[in-house]
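Scroll down for the structure; my scribbles are underneath it.
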Amino acid sequence: LYVVGLIFLRKYNSKLYIAYNIFYIMGTILAIQIPFVGFLAIRSAEHILSHGVFIIVQVYALGQYLQGLLPKDSMDKLFRIFLILAIALVAIILFVLLFSGAIKWSGRSMTLLDPTYAQKYIPIIASVSEHQSTTWTSYFFDLHATLLLTPVGFFFCCREQERSTNYGKLFMILYGLFAVYFSCVMIRLMLVLAPAACILAGIGASEALDSFCKEIKALFSRNGKEKYLPEIPLLLLGILGAICFFYLTHSTWAAADAYASPSIIMSSRASTGEKAFIDDYREGYFWLRQNTPEGSKIMSWWDYGYQISGFSNRTVIVDNNTWNNTHIATVGRAMASNESEAFKICQMLDVDYVLVIFGGAIQYSSDDINKFLWMVRIGAGVYPDVIESNCFGEGKYRVDNKASETMKNSLLYKLSYNNFWNLH
C-alpha cells in the first residue's frame, strides 16, 4: 500500500525500487522456508497483492527508463498507457484467480474486509475471543497515554508533508491509519497497532517537548515583554512529563501483572488488596491425568484441546488446530443435544469422557455456559436439526428457571448444573 501510494503521489525514486524488490524477493523466499506457510506465500490470496505490486513497480521502472530515451510528449502518453495496462492486467489476473477458485480469501481475511462476514458465514472464527471487535476499554488499557499522544504525532507527520516529503513519516501516516482500522475489527490486531501508536506518540511527545522548550527559552530572552505568563509553557511541560511517567508506571504494571500470568492460572485482587489465584484449570487437568486410563479419549470444546493434550497427556476429539469445521460442529451438536442423542454421538466419536468447564461455584464467567451459544451456532452451520432459537427462554439466552426446555435438557446444561444446588 505504501509503495502504490508513493507511485500515485509521484514520489517514486530508485531507492523505493531497490528497497521493495529486496523486501519482496527476500520476504517471499524466507516465507517459503516456514513449513506451515510453504508455497502458500505464492498461491494464497493474502499474498497475491504483493505480487501485483511487484509487477506494477517493474512496469513503472521500465516507464521511467524509457522516459529518458523518448521525447517527453510521446513518453507521457506511452507511460500512461503502460501504467493503465499494468494495473488492468493485475486486476484481470486477480479476478480470474479469485473467481476460478484457484485462490481464495481465508475467513479471517474476509472478516477484516467485512467485519460481519465471520458472524454470518463462519461462526467458528467469530467465536474466538481474539477475533472480537476491540472495545474502548481495551484501547484505554493497552495504549494508555499513547491514545492521547498518537493523534498529536499524526498531526505533526501530516504538517511536515506540506513543507517537504518525509518518506519515513509518510509511511507512519499510512501505517497508523490502516493499523487503527484493523485493530478496530479484531482485538488481536492491537499487536499491529501497538508499534504504530508508540512511534506516532513518540513523535508527538518529541515535537511537543521541542515546542515547549523553545517557548520557555524565548520567554526568558524577552526581558519582561511576555504576552502571557511564563508559567504556562512550564505547566504544559510538567503535564507532558507526568503523562510519560504514568505511562511508564502503567506499562510496567501491565507487563508484570496483567500480561505475565499463565493462561491456565488466573489471578485477582480482593477488596482488601490481597491477591488471589485461581488454579482450577491446572488442578483439573492433573486430576484427569491421575484418574483416567492412558489412551482415554476426551471430548471437550476445542479451546481446551492443547491444554488437555499437554497437561493431561490424553487424546482429544478437537483442539485448537482442528481445521475440520464438521468435526467441531459435531462436538457442538453433542453439547446441545439431550442425553440420549449426545450419548449416540459420543459413541460414534469413540469418546470415553466428556470435560465441561463450569464457573458457577466461583462466579467465573468465561465457562462453557458462556460459550454455549457459539457451540449451537457452529453446530447449526452443519446440522439443520440444531436450532439456536430453541435455546432461548422468553426470547433471550438465559440459564435460570425460565430457560427453555431444550436448554435445560442439553448435555452441557445438565453436566454443568449437576448437583450444583447442593453446594449452597
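Naming scheme: A, B, ... for chains in displayed order of the C-alpha cells; residues 1 onward per chain; ligands 1 onward as shown.
Shell of A:Met172 at 10 Å, with only C-alpha atoms counted and residues fewer than 5 places along the chain excluded, is Tyr2, Gly153, Phe154, Cys157, Cys158, Tyr167, Leu177, Phe178, Ala179, Pro195, Ala196, Ala197, Ile199 and Leu200 of chain A.
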How would the residues just picked look written out with all heavy atoms as a short mmCIF file (atom, residue, chain, number, x, y, z; two decimals), in the first residue's frame?
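Full text of result_34.cif as output:
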data_model
loop_
_atom_site.label_atom_id
_atom_site.label_comp_id
_atom_site.auth_asym_id
_atom_site.auth_seq_id
_atom_site.Cartn_x
_atom_site.Cartn_y
_atom_site.Cartn_z
N TYR A 2 1.94 1.23 0.76
CA TYR A 2 2.84 2.37 0.83
C TYR A 2 3.51 2.61 -0.52
O TYR A 2 3.58 3.75 -1.00
CB TYR A 2 3.89 2.11 1.91
CG TYR A 2 5.00 3.13 1.98
CD1 TYR A 2 4.73 4.45 2.35
CD2 TYR A 2 6.30 2.78 1.67
CE1 TYR A 2 5.75 5.39 2.43
CE2 TYR A 2 7.33 3.71 1.73
CZ TYR A 2 7.04 5.01 2.12
OH TYR A 2 8.04 5.94 2.18
N GLY A 153 1.11 13.13 17.26
CA GLY A 153 2.17 12.72 16.34
C GLY A 153 1.68 12.63 14.91
O GLY A 153 2.41 12.99 13.97
N PHE A 154 0.44 12.17 14.73
CA PHE A 154 -0.14 12.09 13.39
C PHE A 154 -0.26 13.49 12.77
O PHE A 154 0.04 13.69 11.59
CB PHE A 154 -1.51 11.42 13.48
CG PHE A 154 -2.14 11.14 12.15
CD1 PHE A 154 -1.80 10.00 11.43
CD2 PHE A 154 -3.07 12.01 11.61
CE1 PHE A 154 -2.39 9.74 10.20
CE2 PHE A 154 -3.66 11.76 10.39
CZ PHE A 154 -3.31 10.62 9.68
N CYS A 157 3.19 14.70 11.69
CA CYS A 157 3.62 13.99 10.48
C CYS A 157 2.95 14.57 9.24
O CYS A 157 3.59 14.74 8.19
CB CYS A 157 3.32 12.50 10.59
SG CYS A 157 4.38 11.60 11.74
N CYS A 158 1.65 14.85 9.34
CA CYS A 158 0.92 15.42 8.20
C CYS A 158 1.40 16.84 7.90
O CYS A 158 1.55 17.22 6.73
CB CYS A 158 -0.58 15.43 8.48
SG CYS A 158 -1.34 13.80 8.56
N TYR A 167 9.71 10.59 3.81
CA TYR A 167 9.20 9.26 3.48
C TYR A 167 8.92 8.42 4.72
O TYR A 167 7.97 7.64 4.76
CB TYR A 167 10.21 8.53 2.58
CG TYR A 167 10.28 9.11 1.18
CD1 TYR A 167 11.25 10.05 0.85
CD2 TYR A 167 9.36 8.75 0.21
CE1 TYR A 167 11.30 10.60 -0.42
CE2 TYR A 167 9.40 9.29 -1.06
CZ TYR A 167 10.37 10.22 -1.37
OH TYR A 167 10.41 10.76 -2.62
N LEU A 177 -3.01 4.79 9.95
CA LEU A 177 -4.41 4.76 9.52
C LEU A 177 -4.92 3.33 9.37
O LEU A 177 -5.99 2.97 9.88
CB LEU A 177 -4.56 5.52 8.20
CG LEU A 177 -4.48 7.04 8.27
CD1 LEU A 177 -4.50 7.64 6.87
CD2 LEU A 177 -5.65 7.60 9.09
N PHE A 178 -4.17 2.50 8.64
CA PHE A 178 -4.62 1.12 8.42
C PHE A 178 -4.56 0.30 9.71
O PHE A 178 -5.40 -0.58 9.93
CB PHE A 178 -3.78 0.47 7.32
CG PHE A 178 -4.16 0.91 5.94
CD1 PHE A 178 -3.43 1.88 5.27
CD2 PHE A 178 -5.28 0.38 5.31
CE1 PHE A 178 -3.79 2.30 4.00
CE2 PHE A 178 -5.66 0.79 4.03
CZ PHE A 178 -4.90 1.76 3.38
N ALA A 179 -3.57 0.57 10.56
CA ALA A 179 -3.47 -0.18 11.82
C ALA A 179 -4.66 0.13 12.72
O ALA A 179 -5.18 -0.77 13.40
CB ALA A 179 -2.16 0.17 12.53
N PRO A 195 3.00 -0.91 17.62
CA PRO A 195 4.21 -0.21 17.15
C PRO A 195 3.91 1.15 16.53
O PRO A 195 4.63 2.12 16.78
CB PRO A 195 4.79 -1.18 16.10
CG PRO A 195 4.19 -2.51 16.42
CD PRO A 195 2.84 -2.21 16.96
N ALA A 196 2.84 1.22 15.72
CA ALA A 196 2.48 2.49 15.09
C ALA A 196 2.11 3.53 16.15
O ALA A 196 2.52 4.69 16.07
CB ALA A 196 1.31 2.28 14.13
N ALA A 197 1.33 3.11 17.17
CA ALA A 197 0.93 4.04 18.23
C ALA A 197 2.13 4.53 19.02
O ALA A 197 2.22 5.72 19.35
CB ALA A 197 -0.08 3.36 19.16
N ILE A 199 5.32 4.77 17.98
CA ILE A 199 6.16 5.66 17.16
C ILE A 199 5.48 7.01 16.98
O ILE A 199 6.11 8.07 17.16
CB ILE A 199 6.44 5.01 15.79
CG1 ILE A 199 7.29 3.74 15.97
CG2 ILE A 199 7.17 5.99 14.87
CD1 ILE A 199 7.45 2.93 14.71
N LEU A 200 4.19 7.01 16.65
CA LEU A 200 3.48 8.28 16.48
C LEU A 200 3.39 9.06 17.79
O LEU A 200 3.53 10.29 17.80
CB LEU A 200 2.07 8.01 15.93
CG LEU A 200 2.00 7.58 14.46
CD1 LEU A 200 0.59 7.13 14.10
CD2 LEU A 200 2.45 8.70 13.53
#
Inset, instruction - Give the helix (DSSP H, G or I) residues of stretch 370-422 of chain A, as assigned by DSSP on the backbone, as a ChimeraX atom specification. - result: /A:370-380,388-391,405-409,411-417,420-422
Quick one: contact table of stretch 298-319 of chain A to stretch 323-346 of chain A, 10 Å max, nearest atom pair and distance in Å to one decimal per residue, counting only C-alpha atoms, chain and number order, as a Markdown table?
| residue | atom | partner | partner_atom | distance |
| --- | --- | --- | --- | --- |
| A:Ile298 | CA | A:Cys346 | CA | 9.9 |
| A:Met299 | CA | A:Val331 | CA | 7.4 |
| A:Ser300 | CA | A:Val331 | CA | 7.6 |
| A:Trp301 | CA | A:Val331 | CA | 7.1 |
| A:Trp302 | CA | A:Ile328 | CA | 7.3 |
| A:Ile317 | CA | A:His327 | CA | 8.2 |
| A:Val318 | CA | A:Ile328 | CA | 6.4 |
| A:Asp319 | CA | A:Ile328 | CA | 8.8 |
Save out the residues we just selected, N, CA and C atoms, as a PDB file, in the first residue's frame.
ATOM      1  N   ILE A 298     -10.978 -37.821  25.229  1.00  0.00           N
ATOM      2  CA  ILE A 298     -11.740 -36.793  25.939  1.00  0.00           C
ATOM      3  C   ILE A 298     -12.463 -35.907  24.931  1.00  0.00           C
ATOM      4  N   MET A 299     -13.748 -35.715  25.128  1.00  0.00           N
ATOM      5  CA  MET A 299     -14.493 -34.761  24.316  1.00  0.00           C
ATOM      6  C   MET A 299     -14.715 -33.495  25.125  1.00  0.00           C
ATOM      7  N   SER A 300     -14.226 -32.384  24.616  1.00  0.00           N
ATOM      8  CA  SER A 300     -14.429 -31.079  25.238  1.00  0.00           C
ATOM      9  C   SER A 300     -14.529 -30.060  24.114  1.00  0.00           C
ATOM     10  N   TRP A 301     -14.825 -28.823  24.460  1.00  0.00           N
ATOM     11  CA  TRP A 301     -14.804 -27.792  23.442  1.00  0.00           C
ATOM     12  C   TRP A 301     -13.356 -27.557  23.011  1.00  0.00           C
ATOM     13  N   TRP A 302     -13.164 -27.079  21.781  1.00  0.00           N
ATOM     14  CA  TRP A 302     -11.824 -27.054  21.199  1.00  0.00           C
ATOM     15  C   TRP A 302     -10.859 -26.144  21.951  1.00  0.00           C
ATOM     16  N   ILE A 317     -10.795 -35.001  21.055  1.00  0.00           N
ATOM     17  CA  ILE A 317     -11.542 -35.112  19.796  1.00  0.00           C
ATOM     18  C   ILE A 317     -11.278 -33.901  18.903  1.00  0.00           C
ATOM     19  N   VAL A 318     -11.261 -32.707  19.485  1.00  0.00           N
ATOM     20  CA  VAL A 318     -10.950 -31.480  18.735  1.00  0.00           C
ATOM     21  C   VAL A 318     -10.000 -30.635  19.575  1.00  0.00           C
ATOM     22  N   ASP A 319      -9.151 -29.878  18.908  1.00  0.00           N
ATOM     23  CA  ASP A 319      -8.247 -28.973  19.617  1.00  0.00           C
ATOM     24  C   ASP A 319      -8.127 -27.662  18.845  1.00  0.00           C
TER      25      ASP A 319
END
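Taking only C-alpha atoms into account, A:Ala254 lies nearest to A:Leu143 out of the set A:Cys198, A:Pro151, A:Thr137, A:Leu143.
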Inset, instruction - Give the answer as one residue: which of A:Met186, A:Ala403, A:Ala86, A:Ala31 has the shortest atom-to-atom distance to A:Gln58, using only C-alpha atoms? - result: A:Ala86
